[in-house]
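Everything below belongs to query.cif, which stores mmCIF, C-alpha atoms.
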data_upload
#
loop_
_atom_site.label_atom_id
_atom_site.label_comp_id
_atom_site.auth_asym_id
_atom_site.auth_seq_id
_atom_site.Cartn_x
_atom_site.Cartn_y
_atom_site.Cartn_z
CA MET A 1243 18.17 -9.29 -0.30
CA LEU A 1244 20.32 -7.66 -2.92
CA TRP A 1245 21.85 -11.05 -3.67
CA THR A 1246 18.62 -12.07 -5.39
CA GLY A 1247 19.02 -9.24 -7.89
CA PHE A 1248 22.64 -10.16 -8.54
CA LEU A 1249 21.91 -13.86 -9.04
CA LEU A 1250 18.94 -13.07 -11.26
CA GLY A 1251 21.23 -10.98 -13.43
CA LEU A 1252 24.06 -13.53 -13.34
CA PHE A 1253 21.94 -16.51 -14.34
CA GLY A 1254 19.87 -14.41 -16.69
CA GLY A 1255 23.02 -13.20 -18.41
CA MET A 1256 22.61 -16.16 -20.73
CA HIS A 1257 19.25 -14.77 -21.75
CA CYS A 1258 20.89 -11.39 -22.33
CA ALA A 1259 23.53 -13.09 -24.47
CA GLY A 1260 20.82 -14.63 -26.62
CA MET A 1261 18.63 -11.54 -26.93
CA CYS A 1262 21.24 -8.78 -27.03
CA GLY A 1263 24.23 -10.83 -28.15
CA PRO A 1264 23.97 -9.78 -31.81
CA ILE A 1265 23.85 -6.14 -30.72
CA ALA A 1266 26.89 -6.55 -28.46
CA LEU A 1267 28.81 -8.28 -31.23
CA ALA A 1268 27.92 -5.45 -33.63
CA ILE A 1269 29.95 -2.96 -31.59
CA PRO A 1270 33.08 -2.19 -33.64
CA ASN A 1271 36.36 -3.53 -32.27
CA LYS A 1272 38.92 -0.87 -31.43
CA VAL A 1273 42.59 -1.06 -32.32
CA GLY A 1274 44.53 -2.26 -29.30
CA ALA A 1275 43.42 -4.61 -26.54
CA LEU A 1276 43.06 -1.88 -23.90
CA ALA A 1277 41.07 0.47 -26.11
CA ASN A 1278 38.81 -2.40 -27.15
CA PHE A 1279 38.25 -3.43 -23.54
CA ILE A 1280 37.40 0.15 -22.49
CA HIS A 1281 34.98 0.47 -25.41
CA LYS A 1282 33.10 -2.73 -24.48
CA PHE A 1283 33.28 -1.94 -20.76
CA LEU A 1284 31.62 1.43 -21.34
CA TYR A 1285 28.91 -0.22 -23.44
CA ASN A 1286 27.97 -2.54 -20.59
CA THR A 1287 28.28 0.27 -18.06
CA GLY A 1288 25.67 2.16 -20.06
CA ARG A 1289 23.24 -0.74 -19.66
CA VAL A 1290 23.72 -0.73 -15.89
CA ILE A 1291 23.15 3.04 -15.72
CA THR A 1292 19.83 2.67 -17.52
CA TYR A 1293 18.75 -0.23 -15.31
CA SER A 1294 19.54 1.86 -12.23
CA PHE A 1295 17.50 4.78 -13.53
CA LEU A 1296 14.55 2.49 -14.24
CA GLY A 1297 14.95 1.21 -10.68
CA LEU A 1298 14.43 4.76 -9.43
CA LEU A 1299 11.07 4.84 -11.19
CA THR A 1300 9.92 1.49 -9.82
CA GLY A 1301 11.23 2.50 -6.42
CA LEU A 1302 8.93 5.53 -6.59
CA ILE A 1303 6.00 3.17 -7.12
CA GLY A 1304 7.14 1.06 -4.20
CA ARG A 1305 7.40 4.15 -2.03
CA GLY A 1306 3.76 4.92 -2.75
CA PHE A 1307 2.73 1.44 -1.56
CA ASN A 1308 4.95 1.82 1.48
CA MET A 1309 3.46 5.16 2.49
CA ALA A 1310 -0.06 3.75 2.04
CA GLY A 1311 0.77 0.91 4.43
CA TRP A 1312 0.30 -1.80 1.82
CA GLN A 1313 3.64 -3.49 2.39
CA GLN A 1314 2.21 -6.95 3.01
CA ALA A 1315 -0.14 -6.86 0.04
CA LEU A 1316 2.66 -5.57 -2.20
CA SER A 1317 5.08 -8.30 -1.16
CA ILE A 1318 2.54 -11.10 -1.58
CA GLY A 1319 1.21 -9.64 -4.84
CA LEU A 1320 4.69 -9.40 -6.33
CA GLY A 1321 5.45 -12.96 -5.30
CA ILE A 1322 2.30 -14.25 -6.95
CA PHE A 1323 3.05 -12.18 -10.06
CA LEU A 1324 6.56 -13.60 -10.42
CA ILE A 1325 5.39 -17.19 -10.04
CA ALA A 1326 2.41 -16.71 -12.36
CA THR A 1327 4.70 -15.15 -14.95
CA ILE A 1328 6.74 -18.32 -15.11
CA LEU A 1329 3.87 -20.82 -14.81
CA PHE A 1330 1.20 -19.29 -17.02
CA SER A 1331 2.76 -16.81 -19.42
CA GLY A 1332 5.06 -19.13 -21.31
CA ILE A 1333 7.91 -16.92 -20.23
CA HIS A 1334 10.27 -19.84 -19.69
CA ASN A 1335 12.08 -18.36 -22.67
CA LEU A 1336 11.60 -14.83 -21.26
CA ASN A 1337 10.57 -13.46 -24.63
CA ILE A 1338 8.24 -10.46 -24.89
CA PRO A 1339 5.13 -11.14 -27.01
CA SER A 1340 4.76 -9.29 -30.27
CA ILE A 1341 2.63 -6.24 -29.42
CA LYS A 1342 2.39 -3.23 -31.72
CA PRO A 1343 3.35 -0.53 -29.14
CA ILE A 1344 6.31 -2.63 -28.00
CA ASN A 1345 7.40 -3.22 -31.59
CA SER A 1346 7.21 0.52 -32.28
CA LEU A 1347 9.28 1.25 -29.18
CA THR A 1348 11.87 -1.31 -30.23
CA ARG A 1349 12.20 0.22 -33.69
CA SER A 1350 12.66 3.71 -32.22
CA ILE A 1351 15.32 2.48 -29.79
CA LYS A 1352 17.21 0.66 -32.53
CA LYS A 1353 17.20 3.84 -34.62
CA TYR A 1354 19.04 5.72 -31.86
CA PHE A 1355 21.33 2.74 -31.37
CA SER A 1356 22.34 2.93 -35.03
CA TYR A 1357 23.13 6.62 -34.58
CA PHE A 1358 25.60 5.91 -31.77
CA LEU A 1359 26.99 2.90 -33.64
CA GLN A 1360 28.22 5.16 -36.43
CA LYS A 1361 30.14 7.45 -34.04
CA ARG A 1362 32.70 4.81 -32.92
CA SER A 1363 33.84 6.77 -29.85
CA PRO A 1364 33.97 5.82 -26.14
CA ILE A 1365 31.05 8.17 -25.42
CA SER A 1366 29.05 6.54 -28.21
CA ALA A 1367 29.75 3.12 -26.68
CA LEU A 1368 28.31 4.37 -23.39
CA GLY A 1369 25.31 5.77 -25.26
CA MET A 1370 24.74 2.47 -27.08
CA GLY A 1371 24.66 0.67 -23.76
CA MET A 1372 22.20 3.13 -22.26
CA ILE A 1373 19.93 2.80 -25.28
CA ASN A 1374 20.21 -1.00 -25.18
CA GLY A 1375 19.03 -0.96 -21.57
CA LEU A 1376 15.68 0.39 -22.77
CA LEU A 1377 14.97 -2.52 -25.12
CA PRO A 1378 11.93 -4.61 -24.04
CA CYS A 1379 13.17 -7.62 -22.08
CA GLY A 1380 11.26 -10.12 -19.95
CA LEU A 1381 14.19 -10.61 -17.60
CA VAL A 1382 14.56 -6.87 -16.96
CA TYR A 1383 10.82 -6.56 -16.32
CA ILE A 1384 11.01 -9.33 -13.73
CA ALA A 1385 13.88 -7.53 -11.98
CA LEU A 1386 11.96 -4.25 -12.09
CA ALA A 1387 8.93 -5.92 -10.51
CA ALA A 1388 11.14 -7.24 -7.71
CA SER A 1389 12.74 -3.82 -7.20
CA ILE A 1390 9.35 -2.30 -6.32
CA ALA A 1391 9.33 -4.18 -3.02
CA GLY A 1392 12.10 -2.06 -1.52
CA GLY A 1393 9.61 0.72 -0.86
CA SER A 1394 11.94 3.62 -1.73
CA LEU A 1395 13.73 5.25 -4.66
CA GLN A 1396 17.14 4.31 -3.28
CA SER A 1397 16.36 0.64 -2.78
CA GLY A 1398 14.77 0.35 -6.23
CA ALA A 1399 17.81 1.89 -7.93
CA LEU A 1400 20.21 -0.20 -5.85
CA TYR A 1401 18.40 -3.44 -6.67
CA MET A 1402 18.55 -2.72 -10.39
CA LEU A 1403 22.20 -1.66 -10.11
CA VAL A 1404 23.08 -5.00 -8.57
CA PHE A 1405 20.96 -6.79 -11.19
CA GLY A 1406 22.87 -4.99 -13.94
CA LEU A 1407 26.20 -5.90 -12.37
CA GLY A 1408 25.06 -9.53 -12.37
CA THR A 1409 24.59 -9.43 -16.14
CA PHE A 1410 27.93 -7.67 -16.62
CA PRO A 1411 30.38 -10.64 -16.70
CA VAL A 1412 28.61 -12.66 -19.40
CA MET A 1413 27.85 -9.66 -21.58
CA LEU A 1414 31.39 -8.30 -21.31
CA LEU A 1415 32.87 -11.68 -22.21
CA LEU A 1416 30.46 -11.97 -25.11
CA SER A 1417 31.32 -8.56 -26.51
CA LEU A 1418 35.05 -9.21 -26.16
CA ALA A 1419 35.35 -12.84 -27.18
CA GLY A 1420 32.11 -13.83 -28.93
CA ASN A 1421 30.89 -17.33 -28.15
CA ILE A 1422 33.52 -18.06 -25.52
CA ILE A 1423 30.93 -19.94 -23.44
CA SER A 1424 29.77 -23.15 -25.08
CA PRO A 1425 26.08 -23.48 -26.04
CA ARG A 1426 25.74 -26.48 -23.71
CA VAL A 1427 26.91 -24.50 -20.67
CA ARG A 1428 24.75 -21.52 -21.63
CA LEU A 1429 21.68 -23.76 -21.87
CA LYS A 1430 22.27 -25.30 -18.44
CA ILE A 1431 22.60 -21.92 -16.75
CA TYR A 1432 19.71 -20.48 -18.76
CA LYS A 1433 17.38 -23.22 -17.48
CA MET A 1434 18.09 -22.11 -13.90
CA VAL A 1435 16.49 -18.69 -14.44
CA PRO A 1436 12.81 -19.77 -14.22
CA VAL A 1437 13.56 -21.84 -11.12
CA PHE A 1438 15.24 -18.89 -9.45
CA VAL A 1439 12.35 -16.56 -10.34
CA VAL A 1440 9.87 -18.97 -8.70
CA VAL A 1441 12.06 -19.14 -5.57
CA LEU A 1442 12.22 -15.34 -5.54
CA GLY A 1443 8.42 -15.21 -5.78
CA LEU A 1444 8.09 -17.61 -2.84
CA LEU A 1445 10.44 -15.44 -0.79
CA PHE A 1446 8.28 -12.38 -1.42
CA ILE A 1447 5.12 -14.28 -0.44
CA LEU A 1448 6.78 -15.58 2.72
CA ARG A 1449 7.86 -12.07 3.69
CA GLY A 1450 4.37 -10.74 3.13
CA MET A 1451 2.91 -13.35 5.48
CA ASN A 1452 4.23 -11.32 8.42
CA LEU A 1453 5.49 -14.31 10.42
CA GLY A 1454 7.99 -12.28 12.44
CA ILE A 1455 11.00 -14.32 11.33
CA PRO A 1456 14.04 -11.99 11.04
CA TYR A 1457 15.39 -11.58 7.49
CA LEU A 1458 13.00 -14.24 6.17
CA SER A 1459 9.52 -13.07 7.11
CA PRO A 1460 9.87 -9.87 9.19
CA ASP A 1461 6.96 -8.13 10.89
CA LEU A 1462 5.89 -5.80 8.09
CA GLY A 1463 2.97 -4.49 10.06
CA SER A 1464 5.03 -3.08 12.91
CA SER A 1465 7.48 -1.07 10.87
CA GLY A 1466 7.64 0.18 7.32
CA GLU A 1467 11.38 -0.31 7.52
CA ALA A 1468 11.02 -4.09 7.58
CA LEU A 1469 10.20 -4.27 3.92
CA GLN A 1470 13.45 -2.47 3.17
CA GLU A 1471 15.29 -5.70 4.12
CA ILE A 1472 14.07 -7.20 0.85
CA CYS A 1473 16.54 -5.04 -1.01
CA GLU A 1474 19.31 -4.99 1.57
CA PRO A 1475 22.32 -7.36 1.75
#

Would you write out, as structure tokens, the structure that this file holds?
Amino acid sequence: MLWTGFLLGLFGGMHCAGMCGPIALAIPNKVGALANFIHKFLYNTGRVITYSFLGLLTGLIGRGFNMAGWQQALSIGLGIFLIATILFSGIHNLNIPSIKPINSLTRSIKKYFSYFLQKRSPISALGMGMINGLLPCGLVYIALAASIAGGSLQSGALYMLVFGLGTFPVMLLLSLAGNIISPRVRLKIYKMVPVFVVVLGLLFILRGMNLGIPYLSPDLGSSGEALQEICEP
């Protein structure tokens, strides 16, 4: 279900605009419309590259569960985690709580971001995007949790790639045209994110119940390949 990753990124793009908007707007404008577009495009491409790499790591975790034969428990556990995250963690705003190690990580990442910001080249724009993809973000962590369910490195990376592409339109528009989307529209779309995460959690739980329903609740016990459908179109 790659479409879940794309929609999570698309709806959650409003969260990205709020959290990373100031960073995107800080990228220097280049002389000429084409050069400016390429600069901002590379910045957002860098984010997607980092998300895909992180998906490889979570896919490795998923592969371990898959090889151990824990597909059902993994799917149900992830579903419960996603729902609990929304209901009990106050993550309706998707903010990461202030924790010292996270704060230290954020400061280190921003230091490298500042380094690339001073270079003002296309390569530096790509580097800024890749660094930005490492910033702590509740939405990204939710997508990474979902990417584990694919049970392989490839499916984890692909899920996060599609998630990153979902965030691409809003972030590219933001970096090119600032607040082109009105606050009222952003708020309406932003409010859809928690609802979608809960639906995603329910889908994972349903799949883990092993009901034998093709594409909705496949027989995970009969084949390790069934869980792969979670991260397939």

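Nearest to Gln1360 in chain A of all the residues A:Ile1269, A:Phe1248, A:Thr1300, A:Met1451 is A:Ile1269, counting all atoms listed in the file.
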
Item to complete: Evaluate the PyMOL selection byres ((chain A and resi 1434-1446) around 9) on the structure here and hand back the selected residues as an MDAnalysis selection string.
Response: chainID A and resid 1246 1249:1250 1253:1254 1257 1316:1329 1333:1336 1381 1384 1388 1391 1429:1433 1447:1451 1458:1459 1472

Applying 12 Å and only C-alpha atoms, which residues near Phe1355 in chain A remain after dropping the ones on its own chain fewer than 6 positions away? List them as a PDB file with C-alpha atoms, keeping the file's coordinate frame.
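Here's the written file out_25.pdb:
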ATOM      1  CA  ILE A1265      23.850  -6.140 -30.720  1.00  0.00           C
ATOM      2  CA  ALA A1266      26.890  -6.550 -28.460  1.00  0.00           C
ATOM      3  CA  ALA A1268      27.920  -5.450 -33.630  1.00  0.00           C
ATOM      4  CA  ILE A1269      29.950  -2.960 -31.590  1.00  0.00           C
ATOM      5  CA  TYR A1285      28.910  -0.220 -23.440  1.00  0.00           C
ATOM      6  CA  THR A1348      11.870  -1.310 -30.230  1.00  0.00           C
ATOM      7  CA  ARG A1349      12.200   0.220 -33.690  1.00  0.00           C
ATOM      8  CA  LYS A1361      30.140   7.450 -34.040  1.00  0.00           C
ATOM      9  CA  ARG A1362      32.700   4.810 -32.920  1.00  0.00           C
ATOM     10  CA  SER A1366      29.050   6.540 -28.210  1.00  0.00           C
ATOM     11  CA  ALA A1367      29.750   3.120 -26.680  1.00  0.00           C
ATOM     12  CA  LEU A1368      28.310   4.370 -23.390  1.00  0.00           C
ATOM     13  CA  GLY A1369      25.310   5.770 -25.260  1.00  0.00           C
ATOM     14  CA  MET A1370      24.740   2.470 -27.080  1.00  0.00           C
ATOM     15  CA  GLY A1371      24.660   0.670 -23.760  1.00  0.00           C
ATOM     16  CA  MET A1372      22.200   3.130 -22.260  1.00  0.00           C
ATOM     17  CA  ILE A1373      19.930   2.800 -25.280  1.00  0.00           C
ATOM     18  CA  ASN A1374      20.210  -1.000 -25.180  1.00  0.00           C
ATOM     19  CA  GLY A1375      19.030  -0.960 -21.570  1.00  0.00           C
ATOM     20  CA  LEU A1376      15.680   0.390 -22.770  1.00  0.00           C
ATOM     21  CA  LEU A1377      14.970  -2.520 -25.120  1.00  0.00           C
TER      22      LEU A1377
END

With 4 Å added on each side, what axis-aligned box encloses every listed atom of range 1396-1407 of chain A? Give the centre and edge lengths in Å to one decimal, as lines of an AutoDock Vina configuration file.
center_x = 20.5
center_y = -1.2
center_z = -8.4
size_x = 19.4
size_y = 19.1
size_z = 19.2

Practice prompt. Work out how far apart CA of Leu1299 in chain A and CA of Lys1353 in chain A are and give it in Å to one decimal.
Written response: 24.2 Å

Practice prompt. Can you work out the spacing between CA of Asn1452 in chain A and CA of Ile1303 in chain A in Å, to one decimal?
Written response: 21.3 Å

Worksheet item: Which residues fall under the PyMOL selection byres ((chain A and resi 1297) around 7) in this file, as a PyMOL selection string?
Response: chain A and resi 1293-1296+1298-1301+1386+1389+1398-1399+1402

Item to complete: List every protein, DNA or RNA residue that has an atom no more than 10 Å from (30.6, -3.5, -26.9) in the file's coordinate frame, counting only C-alpha atoms, and report them as a PyMOL selection string.
Response: chain A and resi 1263+1265-1272+1278-1287+1359+1364+1367-1368+1370-1371+1413-1418

Could I get the residues of range 1353-1395 of chain A with an atom no further than 9 Å from an atom of range 1306-1310 of chain A, each paired with its nearest atom pair and that distance in Å to one decimal, using only C-alpha atoms, sorted by chain and residue number, as JSON lines?
{"residue": "A:Ile1390", "atom": "CA", "partner": "A:Phe1307", "partner_atom": "CA", "distance": 9.0}
{"residue": "A:Ala1391", "atom": "CA", "partner": "A:Asn1308", "partner_atom": "CA", "distance": 8.7}
{"residue": "A:Gly1392", "atom": "CA", "partner": "A:Asn1308", "partner_atom": "CA", "distance": 8.7}
{"residue": "A:Gly1393", "atom": "CA", "partner": "A:Asn1308", "partner_atom": "CA", "distance": 5.3}
{"residue": "A:Ser1394", "atom": "CA", "partner": "A:Asn1308", "partner_atom": "CA", "distance": 7.9}

Atoms kept (C-alpha atoms) for selection, written as a short mmCIF file (atom, residue, chain, number, x, y, z; two decimals), keeping the file's coordinate frame:
data_model
loop_
_atom_site.label_atom_id
_atom_site.label_comp_id
_atom_site.auth_asym_id
_atom_site.auth_seq_id
_atom_site.Cartn_x
_atom_site.Cartn_y
_atom_site.Cartn_z
CA ILE A 1390 9.35 -2.30 -6.32
CA ALA A 1391 9.33 -4.18 -3.02
CA GLY A 1392 12.10 -2.06 -1.52
CA GLY A 1393 9.61 0.72 -0.86
CA SER A 1394 11.94 3.62 -1.73
#

Item to complete: Find the distance between CA of Gln1396 in chain A and CA of Val1412 in chain A and write it in Å to one decimal.
Response: 26.1 Å
